[in-house]
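**Student:** Okay, handing you the structure first.
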Amino acid sequence: MTLHIDIPEETLSGILAKAFRNTAFVTGFVITVLILVMAVISYLWTPYDVTKLIIADKTQGPSLAHWFGTDHFGRDILSMIMVGARNSIAVALVAVGIGMGVGVPLGAFAAARGGLVDEALMRVNDLVFAFPALLSAIMITAIFGPGAVNAIIAIGIFNIPVFARVARAGALAIWPREFILAARAAGKSSTQISIEHVLPNIATLLLVQGTIQFALGILAEAGLSYLGLGAQPPMPSWGRMLFDAQTRMVVAPWMAIFPGMAIVITVLGLNLLGDGIADILDPKSRRQR
Amino acid sequence: MTAYLLKRLAISLATLVLASIVVFAVLEILPGDPARLMLGMNASADQVELLRNQMGLNQPLLLRYLHWAGGLLSLDFGRSYTYSVPVIDLVRERLAVSLPLALIALALSTIIAIPVGLFSASRRGRAGDTISMGAAQLGVAVPNFWFALMLIYVFAVWLRLVPAGGFPGWSAGISPALKSLLLPAVALALPQAAILARVTRSALIEVLNEDYIRTARAKGLPYRTVLWRHALRNAMIPVLTILGLQFAFLLAGTIIIENVFYLPGLGRLVFQAITQRDLIVVESVVMLLVAAVIAVNLVVDLSYAVVDPRLRSRQ
C-alpha cells in the first residue's frame, strides 16, 4: 500500500500546460533536444569526415562549403562540433549517474539514520568540498592518465557529495511528515520507507540538481580537455578544439569562436531546463510568482 | 557564540588534518619512485637505494607522514625535484601572481554582482530584471577559459590595449604588472559575478517579502534606505556563503586561466608539477589551497555572526 498524500493535486496535463507557458523550460528543452539530436545525427552523418586530414583546406574561414570554417588540419569545424557533442554529453551524463547512484543512497541513508552516521557523512562531505573540484580532477586525470574514462571518474566523484547533500536535505524535510509515520506504523523498515516514500518526494529536487550538474559536467569536461587531460585526439572534443585554437587566434579566430559557442549554448540550455523544471514543480517558487 | 566559534574551529581543524592524510595517502599509492625519477633511467639500483635512504623514503609510513605534516606546519615544504629549490620559495614567488589575481577577480565579481542583484530584485519582473538576469544566465554558461580567449582576441589582438599573456613581474612596476593581470581577472570574475548576481537577487526577493520590510516602508523610510540597510543586510548570509564557495572556484580557476595567459602563478606551478610528477610541489601546493579554502569557509562562518546578531547571542 502506498500513500499519496504528498503528491500535489495537479494532474499531469496540468503540469504540462504549465510547462508550455514557462519560457525558460521551453527554451531549455528545445536547446537540449537539439544538442542531443545533433549528437545522434553525428553517428549517422556529418558534413565532412572528421578523421580525414586535408592539409590543402587548412584554416579556411567560414564559407558555404564549411559553415564554421576549418581547423589547422583542414577538418570541418561544424563536423567536429557535432562529433564532439557525443563526448561532452557522454562524460557529463555518466558523471551525473555516478554522483546520483552513490550520493543519493548515501544522503537518504544519513537522513534516515541521523545521529552519528549522519554527522560522519556530513564531515566527509566537508572534506570533499575542501578540495577545489577542478584541482582534484586535474590530479586524478594526471595521475591515472588522461582520457575520457578518467575524466568521467574525476567529475563523477565530485558529484557524489553534491547529490548526497541535496538528497539528505530533501529527505530530512520529508521524514517528519504524517505519511511517513503511517508507513512506520504499518511496519515498514527505514530502507523501505526511504525507497517507497522519501525518494519519490525528492525526485524533483534531484532532477533539478541533475540538470545543473550535467551543465557543470560539460564545463568541467571542456576544461579538462582544454588542458589535454580529457578525450584524446583524434576523438574531437570541444575543450581540445579550444586548445588547438589558442595559438592560432590571429589567423583563425573561428576555430575558437564556434566550439566555445557550442559549449555556451549547451550549458545555457541545460541551466534553463533546470530552472524551468524547478519553477514548474517547486511549490515555493509557485507561491512567489 | 563562543561554543559556535569553537565548534566551527574544531571542525575546520579536523577537516584540515583529514585532508592532509588523504593527500599524503593518494600520492603515496602513486606508481613511480621519486628517487628513480630524479636519477633518471640509467641509474643503478644501488644509487636509487642510496637516494631513497637520503630522502627518508625507506622510513615507516607513519613517521614519514608526521615528518611531512610537521614540515608543513613550520612552512618547510621540502625541495622541488624539478626546480631544485625549496618549495616555499617557489610558492612565495608564484603567490605574488596568483593572490593578487584571485583578489582582483573576487573584488570585480562582487562589485558587479551586488548592484546587479539589487537592481534586478528591486525591479522584479520588469524589463530591467529580465535583461540583467538573462545576461547572468548567459554568464553562468560561459567557460572562463573561452571567455579569456575571446578577451585576448578583442583586447590584445585587435585593439592591442593589453598584452596577450605573460607577466613582467612586479619589479617591472605596478602598472605593467596590473595591466597583464587585468584580462585574466576579468575572465575569472565574469562567470562568478553572474552566479553571485543570481544568488543576490533571489536572496533579496525572499527578504523583500518579509513583514519587517513592509513595516520599514510603512513608517516612511525611502525605498533606497530599506533596500540597502534592511534588505541587503538580511540577504547577506546566502551571498556570503556563495562568496566563500567561489573563492575555491577562483583558486581552481586560476589553474586554467593562468595556463591561457602564461602567467607564472600557483595554478600553473601545480599543473606543471602534476605533469612532471614533482610530487613534493604537488602535495605542498594542494595542501596550501585546501587550507586556504577551509580558512575562507571558516571566516565566512564567523562573518555570519557579524551579519546576523541573533547568531551572536545564541548558544
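Ordering of the C-alpha cells sets the chain letters (A, B, ...); residue numbers start at 1 within each chain; ligands are numbered from 1 in the order shown.
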Could you list, as an mmCIF file with N, CA and C atoms, in the first residue's frame, every residue of chain A that has an atom within 10 Å of an atom of chain B, counting only C-alpha atoms?
**Tutor:**
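Dumped everything to part-v3.cif:
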data_model
loop_
_atom_site.group_PDB
_atom_site.id
_atom_site.type_symbol
_atom_site.label_atom_id
_atom_site.label_comp_id
_atom_site.auth_asym_id
_atom_site.auth_seq_id
_atom_site.Cartn_x
_atom_site.Cartn_y
_atom_site.Cartn_z
ATOM 1 N N ARG A 123 30.671 15.210 7.649
ATOM 2 C CA ARG A 123 32.069 15.614 7.772
ATOM 3 C C ARG A 123 32.868 15.180 6.544
ATOM 4 N N VAL A 124 32.578 13.966 6.037
ATOM 5 C CA VAL A 124 33.248 13.512 4.812
ATOM 6 C C VAL A 124 32.906 14.466 3.670
ATOM 7 N N ASN A 125 31.642 14.903 3.639
ATOM 8 C CA ASN A 125 31.217 15.877 2.639
ATOM 9 C C ASN A 125 32.045 17.152 2.727
ATOM 10 N N ASP A 126 32.191 17.659 3.963
ATOM 11 C CA ASP A 126 33.007 18.857 4.171
ATOM 12 C C ASP A 126 34.400 18.657 3.600
ATOM 13 N N LEU A 127 34.927 17.440 3.850
ATOM 14 C CA LEU A 127 36.283 17.130 3.406
ATOM 15 C C LEU A 127 36.390 17.240 1.889
ATOM 16 N N VAL A 128 35.432 16.618 1.184
ATOM 17 C CA VAL A 128 35.499 16.649 -0.278
ATOM 18 C C VAL A 128 35.331 18.075 -0.789
ATOM 19 N N PHE A 129 34.440 18.843 -0.117
ATOM 20 C CA PHE A 129 34.217 20.220 -0.573
ATOM 21 C C PHE A 129 35.443 21.106 -0.336
ATOM 22 N N ALA A 130 36.333 20.671 0.565
ATOM 23 C CA ALA A 130 37.521 21.478 0.848
ATOM 24 C C ALA A 130 38.522 21.425 -0.298
ATOM 25 N N PHE A 131 38.401 20.393 -1.150
ATOM 26 C CA PHE A 131 39.301 20.301 -2.297
ATOM 27 C C PHE A 131 38.655 21.005 -3.488
ATOM 28 N N PRO A 132 39.312 22.032 -4.031
ATOM 29 C CA PRO A 132 38.749 22.637 -5.236
ATOM 30 C C PRO A 132 38.559 21.535 -6.284
ATOM 31 N N ALA A 133 37.308 21.354 -6.755
ATOM 32 C CA ALA A 133 36.970 20.191 -7.579
ATOM 33 C C ALA A 133 37.863 20.069 -8.811
ATOM 34 N N LEU A 134 38.090 21.195 -9.465
ATOM 35 C CA LEU A 134 38.858 21.138 -10.706
ATOM 36 C C LEU A 134 40.297 20.698 -10.434
ATOM 37 N N LEU A 135 40.847 21.193 -9.319
ATOM 38 C CA LEU A 135 42.213 20.820 -8.951
ATOM 39 C C LEU A 135 42.316 19.309 -8.767
ATOM 40 N N SER A 136 41.354 18.729 -8.024
ATOM 41 C CA SER A 136 41.388 17.290 -7.789
ATOM 42 C C SER A 136 41.154 16.521 -9.082
ATOM 43 N N ILE A 138 42.024 17.468 -12.009
ATOM 44 C CA ILE A 138 43.283 17.527 -12.742
ATOM 45 C C ILE A 138 44.256 16.504 -12.169
ATOM 46 N N MET A 139 44.291 16.408 -10.830
ATOM 47 C CA MET A 139 45.190 15.437 -10.206
ATOM 48 C C MET A 139 44.818 14.014 -10.606
ATOM 49 N N ILE A 140 43.523 13.711 -10.534
ATOM 50 C CA ILE A 140 43.086 12.342 -10.849
ATOM 51 C C ILE A 140 43.443 11.973 -12.282
ATOM 52 N N THR A 141 43.111 12.886 -13.225
ATOM 53 C CA THR A 141 43.374 12.556 -14.623
ATOM 54 C C THR A 141 44.867 12.551 -14.927
ATOM 55 N N ALA A 142 45.627 13.408 -14.212
ATOM 56 C CA ALA A 142 47.059 13.426 -14.468
ATOM 57 C C ALA A 142 47.722 12.167 -13.909
ATOM 58 N N ILE A 143 47.218 11.693 -12.767
ATOM 59 C CA ILE A 143 47.815 10.525 -12.126
ATOM 60 C C ILE A 143 47.451 9.246 -12.873
ATOM 61 N N PHE A 144 46.167 9.069 -13.175
ATOM 62 C CA PHE A 144 45.734 7.829 -13.800
ATOM 63 C C PHE A 144 45.784 7.897 -15.317
ATOM 64 N N GLY A 145 46.307 8.989 -15.828
ATOM 65 C CA GLY A 145 46.422 9.107 -17.270
ATOM 66 C C GLY A 145 45.235 9.848 -17.844
ATOM 67 N N ALA A 215 25.144 20.322 -16.618
ATOM 68 C CA ALA A 215 25.736 21.519 -17.214
ATOM 69 C C ALA A 215 27.147 21.762 -16.685
ATOM 70 N N LEU A 216 27.320 21.631 -15.355
ATOM 71 C CA LEU A 216 28.645 21.833 -14.773
ATOM 72 C C LEU A 216 29.623 20.788 -15.297
ATOM 73 N N ILE A 218 29.620 19.409 -18.242
ATOM 74 C CA ILE A 218 30.045 19.788 -19.594
ATOM 75 C C ILE A 218 31.141 20.850 -19.531
ATOM 76 N N LEU A 219 30.961 21.821 -18.606
ATOM 77 C CA LEU A 219 32.000 22.838 -18.429
ATOM 78 C C LEU A 219 33.296 22.209 -17.925
ATOM 79 N N ALA A 220 33.180 21.296 -16.955
ATOM 80 C CA ALA A 220 34.374 20.670 -16.379
ATOM 81 C C ALA A 220 35.096 19.827 -17.428
ATOM 82 N N ALA A 222 35.051 20.250 -20.626
ATOM 83 C CA ALA A 222 35.709 21.160 -21.568
ATOM 84 C C ALA A 222 37.022 21.670 -20.973
ATOM 85 N N GLY A 223 37.005 21.995 -19.677
ATOM 86 C CA GLY A 223 38.214 22.475 -19.012
ATOM 87 C C GLY A 223 39.311 21.425 -19.014
ATOM 88 N N LEU A 224 38.942 20.190 -18.675
ATOM 89 C CA LEU A 224 39.932 19.110 -18.645
ATOM 90 C C LEU A 224 40.489 18.844 -20.045
ATOM 91 N N TYR A 226 40.619 20.917 -22.455
ATOM 92 C CA TYR A 226 41.421 22.071 -22.838
ATOM 93 C C TYR A 226 42.840 21.925 -22.305
ATOM 94 N N LEU A 227 42.975 21.361 -21.100
ATOM 95 C CA LEU A 227 44.300 21.155 -20.522
ATOM 96 C C LEU A 227 44.964 19.891 -21.069
ATOM 97 N N GLY A 239 36.654 21.068 -25.735
ATOM 98 C CA GLY A 239 37.755 21.690 -24.993
ATOM 99 C C GLY A 239 39.064 21.606 -25.759
ATOM 100 N N LEU A 242 39.367 24.091 -28.472
ATOM 101 C CA LEU A 242 39.737 25.427 -27.988
ATOM 102 C C LEU A 242 41.237 25.509 -27.718
ATOM 103 N N PHE A 243 41.803 24.397 -27.227
ATOM 104 C CA PHE A 243 43.246 24.380 -27.007
ATOM 105 C C PHE A 243 43.990 24.568 -28.330
ATOM 106 N N ALA A 245 42.890 25.983 -30.886
ATOM 107 C CA ALA A 245 42.597 27.312 -31.434
ATOM 108 C C ALA A 245 43.476 28.392 -30.814
ATOM 109 N N GLN A 246 43.894 28.167 -29.566
ATOM 110 C CA GLN A 246 44.532 29.241 -28.802
ATOM 111 C C GLN A 246 45.732 29.868 -29.505
ATOM 112 N N THR A 247 46.627 29.027 -30.037
ATOM 113 C CA THR A 247 47.834 29.572 -30.656
ATOM 114 C C THR A 247 47.554 30.102 -32.060
ATOM 115 N N MET A 249 44.788 32.109 -32.768
ATOM 116 C CA MET A 249 43.744 33.123 -32.651
ATOM 117 C C MET A 249 43.848 34.196 -33.728
ATOM 118 N N VAL A 250 45.081 34.539 -34.108
ATOM 119 C CA VAL A 250 45.258 35.644 -35.054
ATOM 120 C C VAL A 250 44.838 35.218 -36.460
ATOM 121 N N PRO A 253 40.419 32.846 -35.941
ATOM 122 C CA PRO A 253 39.620 33.021 -34.721
ATOM 123 C C PRO A 253 38.378 32.116 -34.688
ATOM 124 N N ALA A 256 38.194 29.125 -32.471
ATOM 125 C CA ALA A 256 37.860 29.282 -31.049
ATOM 126 C C ALA A 256 36.402 29.666 -30.863
ATOM 127 N N ILE A 257 35.890 30.510 -31.774
ATOM 128 C CA ILE A 257 34.554 31.069 -31.565
ATOM 129 C C ILE A 257 33.466 29.990 -31.547
ATOM 130 N N PRO A 259 33.431 26.405 -31.362
ATOM 131 C CA PRO A 259 33.340 25.383 -30.304
ATOM 132 C C PRO A 259 32.923 25.988 -28.964
ATOM 133 N N GLY A 260 33.422 27.208 -28.685
ATOM 134 C CA GLY A 260 33.041 27.879 -27.439
ATOM 135 C C GLY A 260 31.556 28.151 -27.402
ATOM 136 N N MET A 261 31.003 28.578 -28.551
ATOM 137 C CA MET A 261 29.571 28.843 -28.593
ATOM 138 C C MET A 261 28.773 27.561 -28.393
ATOM 139 N N ILE A 263 29.627 25.113 -26.472
ATOM 140 C CA ILE A 263 29.621 24.873 -25.021
ATOM 141 C C ILE A 263 28.606 25.797 -24.350
ATOM 142 N N VAL A 264 28.686 27.100 -24.695
ATOM 143 C CA VAL A 264 27.799 28.074 -24.046
ATOM 144 C C VAL A 264 26.341 27.708 -24.274
ATOM 145 N N ILE A 265 25.983 27.384 -25.534
ATOM 146 C CA ILE A 265 24.580 27.094 -25.848
ATOM 147 C C ILE A 265 24.106 25.846 -25.108
ATOM 148 N N THR A 266 24.949 24.807 -25.094
ATOM 149 C CA THR A 266 24.556 23.574 -24.406
ATOM 150 C C THR A 266 24.338 23.821 -22.917
ATOM 151 N N VAL A 267 25.302 24.493 -22.286
ATOM 152 C CA VAL A 267 25.197 24.742 -20.849
ATOM 153 C C VAL A 267 24.003 25.648 -20.544
ATOM 154 N N LEU A 268 23.820 26.665 -21.388
ATOM 155 C CA LEU A 268 22.685 27.570 -21.223
ATOM 156 C C LEU A 268 21.377 26.799 -21.301
ATOM 157 N N GLY A 269 21.263 25.916 -22.305
ATOM 158 C CA GLY A 269 20.047 25.129 -22.476
ATOM 159 C C GLY A 269 19.749 24.287 -21.249
ATOM 160 N N LEU A 270 20.776 23.619 -20.745
ATOM 161 C CA LEU A 270 20.574 22.750 -19.581
ATOM 162 C C LEU A 270 20.192 23.558 -18.344
ATOM 163 N N ASN A 271 20.850 24.718 -18.152
ATOM 164 C CA ASN A 271 20.521 25.552 -16.992
ATOM 165 C C ASN A 271 19.095 26.071 -17.064
ATOM 166 N N LEU A 272 18.678 26.490 -18.285
ATOM 167 C CA LEU A 272 17.304 26.973 -18.453
ATOM 168 C C LEU A 272 16.325 25.852 -18.168
ATOM 169 N N GLN A 288 5.724 32.355 -4.984
ATOM 170 C CA GLN A 288 6.370 33.650 -5.187
ATOM 171 C C GLN A 288 5.880 34.369 -6.437
ATOM 172 N N ARG A 289 5.374 33.617 -7.368
ATOM 173 C CA ARG A 289 5.002 34.231 -8.645
ATOM 174 C C ARG A 289 3.813 35.142 -8.531
#
**Student:** Contacts of stretch 58-66 of chain B at 8 Å or less, counting only C-alpha atoms, minus same-chain residues fewer than 5 places along, as a PDB file with N, CA and C atoms, in the first residue's frame?
**Tutor:**
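Done, and the output landed in result-v1.pdb:
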ATOM      1  N   ILE B  21      45.874  13.804   5.423  1.00  0.00           N
ATOM      2  CA  ILE B  21      46.031  12.344   5.345  1.00  0.00           C
ATOM      3  C   ILE B  21      45.659  11.853   3.945  1.00  0.00           C
ATOM      4  N   PHE B  24      48.381  12.868   1.431  1.00  0.00           N
ATOM      5  CA  PHE B  24      49.573  12.047   1.638  1.00  0.00           C
ATOM      6  C   PHE B  24      49.341  10.628   1.117  1.00  0.00           C
ATOM      7  N   ARG B  52      67.090   6.929  -1.922  1.00  0.00           N
ATOM      8  CA  ARG B  52      65.861   6.657  -1.164  1.00  0.00           C
ATOM      9  C   ARG B  52      66.137   6.815   0.333  1.00  0.00           C
ATOM     10  N   ASN B  53      67.306   6.310   0.766  1.00  0.00           N
ATOM     11  CA  ASN B  53      67.674   6.441   2.170  1.00  0.00           C
ATOM     12  C   ASN B  53      67.869   7.895   2.561  1.00  0.00           C
TER      13      ASN B  53
END
**Student:** If you run DSSP over the backbone, which residues in stretch 151-261 of chain B end up helix (DSSP H, G or I)? Put them as a PyMOL selection string.
**Tutor:** chain B and resi 151-158+170-172+174-208+211-218+223-234+236-260
**Student:** Between B:Phe167, B:Ser284, B:Arg224, B:Leu298, single out the one closest to B:Ser20, counting only C-alpha atoms.
**Tutor:**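 Among the listed residues, B:Ser284 lies closest to B:Ser20.
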**Student:** From the options A:Met241, A:Ala19, A:Ala186, A:Ile277, which residue's atoms come nearest to A:Ile77, counting only C-alpha atoms?
**Tutor:**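 Result for the nearest residue to A:Ile77: A:Met241.
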**Student:** If you measure from atom CA of B:Ala96 to atom CA of B:Pro264, what distance in Å do you get, rounded to one decimal?
**Tutor:** 9.3 Å
**Student:** Could you check the closest approach to B:Leu103 for each of B:Ala273, B:Leu181, B:Leu5, B:Ala194 and tell me which residue wins, using only C-alpha atoms?
**Tutor:**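 Checking each candidate against B:Leu103, we get B:Leu181 as the closest.
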**Student:** Which residues come within 9 Å of A:Leu199, counting only C-alpha atoms, excluding same-chain residues fewer than 6 positions away, as a PyMOL selection string?
**Tutor:** chain A and resi 104+108+167+171+193
**Student:** Skipping near chain neighbours, those fewer than 5 positions away, what residues fall within 8 Å of B:Phe261 using only C-alpha atoms, listed as number ranges by chain?
**Tutor:** B: 164-166, 184
**Student:** Can you spit out the residues from that selection as an mmCIF file, in the first residue's frame, using all heavy atoms?
**Tutor:**
data_model
loop_
_atom_site.group_PDB
_atom_site.id
_atom_site.type_symbol
_atom_site.label_atom_id
_atom_site.label_comp_id
_atom_site.auth_asym_id
_atom_site.auth_seq_id
_atom_site.Cartn_x
_atom_site.Cartn_y
_atom_site.Cartn_z
ATOM 1 N N ALA B 164 48.826 39.946 -24.548
ATOM 2 C CA ALA B 164 48.016 38.740 -24.720
ATOM 3 C C ALA B 164 48.346 37.692 -23.669
ATOM 4 O O ALA B 164 47.608 36.740 -23.480
ATOM 5 C CB ALA B 164 48.230 38.166 -26.116
ATOM 6 N N GLY B 165 49.471 37.858 -23.004
ATOM 7 C CA GLY B 165 49.828 36.877 -21.986
ATOM 8 C C GLY B 165 51.182 37.209 -21.407
ATOM 9 O O GLY B 165 51.808 38.188 -21.802
ATOM 10 N N GLY B 166 51.621 36.399 -20.441
ATOM 11 C CA GLY B 166 52.904 36.624 -19.803
ATOM 12 C C GLY B 166 52.773 37.583 -18.643
ATOM 13 O O GLY B 166 51.723 38.219 -18.458
ATOM 14 N N PRO B 184 43.068 38.434 -17.330
ATOM 15 C CA PRO B 184 42.810 37.199 -16.582
ATOM 16 C C PRO B 184 41.802 37.404 -15.453
ATOM 17 O O PRO B 184 40.921 36.564 -15.238
ATOM 18 C CB PRO B 184 44.174 36.827 -15.997
ATOM 19 C CG PRO B 184 45.172 37.538 -16.808
ATOM 20 C CD PRO B 184 44.511 38.732 -17.408
#
**Student:** Of the candidates A:Ile155, A:Ala17, A:Met235, A:Ile212, which one gets nearest to A:Ser79 if we count only C-alpha atoms?
**Tutor:** A:Met235
**Student:** For A:Arg21, find every residue with an atom within 12 Å (counting only C-alpha atoms), except residues of its own chain fewer than 4 positions away, and show them as a ChimeraX atom specification.
**Tutor:** /A:14-17,25-27,276-277,279-280
**Student:** Can you write out the residues you just picked, keeping N, CA, C and O atoms, as a PDB file, in the first residue's frame?
**Tutor:**
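Contents of the output file part21.pdb:
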ATOM      1  N   GLY A  14      -2.101  19.170 -16.346  1.00  0.00           N
ATOM      2  CA  GLY A  14      -1.977  20.491 -15.744  1.00  0.00           C
ATOM      3  C   GLY A  14      -0.530  20.937 -15.706  1.00  0.00           C
ATOM      4  O   GLY A  14      -0.191  22.079 -16.034  1.00  0.00           O
ATOM      5  N   ILE A  15       0.349  19.989 -15.321  1.00  0.00           N
ATOM      6  CA  ILE A  15       1.770  20.310 -15.259  1.00  0.00           C
ATOM      7  C   ILE A  15       2.309  20.610 -16.652  1.00  0.00           C
ATOM      8  O   ILE A  15       3.071  21.567 -16.854  1.00  0.00           O
ATOM      9  N   LEU A  16       1.880  19.816 -17.624  1.00  0.00           N
ATOM     10  CA  LEU A  16       2.349  20.028 -18.999  1.00  0.00           C
ATOM     11  C   LEU A  16       1.919  21.388 -19.516  1.00  0.00           C
ATOM     12  O   LEU A  16       2.706  22.101 -20.147  1.00  0.00           O
ATOM     13  N   ALA A  17       0.672  21.755 -19.213  1.00  0.00           N
ATOM     14  CA  ALA A  17       0.177  23.055 -19.670  1.00  0.00           C
ATOM     15  C   ALA A  17       1.029  24.166 -19.079  1.00  0.00           C
ATOM     16  O   ALA A  17       1.393  25.127 -19.756  1.00  0.00           O
ATOM     17  N   PHE A  25      11.658  26.924 -19.451  1.00  0.00           N
ATOM     18  CA  PHE A  25      11.560  25.492 -19.685  1.00  0.00           C
ATOM     19  C   PHE A  25      11.537  25.186 -21.186  1.00  0.00           C
ATOM     20  O   PHE A  25      12.296  24.352 -21.676  1.00  0.00           O
ATOM     21  N   VAL A  26      10.675  25.898 -21.919  1.00  0.00           N
ATOM     22  CA  VAL A  26      10.533  25.609 -23.351  1.00  0.00           C
ATOM     23  C   VAL A  26      11.858  25.863 -24.073  1.00  0.00           C
ATOM     24  O   VAL A  26      12.340  25.010 -24.832  1.00  0.00           O
ATOM     25  N   THR A  27      12.493  27.027 -23.797  1.00  0.00           N
ATOM     26  CA  THR A  27      13.768  27.336 -24.448  1.00  0.00           C
ATOM     27  C   THR A  27      14.813  26.271 -24.109  1.00  0.00           C
ATOM     28  O   THR A  27      15.489  25.735 -24.990  1.00  0.00           O
ATOM     29  N   GLY A 276      13.591  25.913 -15.354  1.00  0.00           N
ATOM     30  CA  GLY A 276      12.193  25.742 -15.766  1.00  0.00           C
ATOM     31  C   GLY A 276      11.516  24.662 -14.946  1.00  0.00           C
ATOM     32  O   GLY A 276      10.416  24.849 -14.422  1.00  0.00           O
ATOM     33  N   ILE A 277      12.188  23.503 -14.818  1.00  0.00           N
ATOM     34  CA  ILE A 277      11.612  22.391 -14.051  1.00  0.00           C
ATOM     35  C   ILE A 277      11.371  22.820 -12.605  1.00  0.00           C
ATOM     36  O   ILE A 277      10.316  22.559 -12.029  1.00  0.00           O
ATOM     37  N   ASP A 279      10.893  25.804 -11.465  1.00  0.00           N
ATOM     38  CA  ASP A 279       9.782  26.753 -11.465  1.00  0.00           C
ATOM     39  C   ASP A 279       8.432  26.056 -11.514  1.00  0.00           C
ATOM     40  O   ASP A 279       7.510  26.393 -10.793  1.00  0.00           O
ATOM     41  N   ILE A 280       8.345  25.055 -12.415  1.00  0.00           N
ATOM     42  CA  ILE A 280       7.059  24.408 -12.645  1.00  0.00           C
ATOM     43  C   ILE A 280       6.656  23.535 -11.459  1.00  0.00           C
ATOM     44  O   ILE A 280       5.500  23.523 -11.038  1.00  0.00           O
TER      45      ILE A 280
END
**Student:** Please report the interatomic distance between atom CA of A:Gly170 and atom CA of A:Ile202 in Å with one decimal.
**Tutor:**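 Computing the Euclidean distance for atom CA of A:Gly170 and atom CA of A:Ile202 yields 5.8 Å.
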**Student:** If we count only C-alpha atoms and set the cut-off at 9 Å, which residues sit around stretch 306-311 of chain B, ignoring sequence neighbours fewer than 6 positions away in its own chain? Please answer as a list in words.
**Tutor:**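 Non-adjacent residues within range: Met1, Tyr4, Arg233, Asn234, Met236 and Ile237 of chain B.
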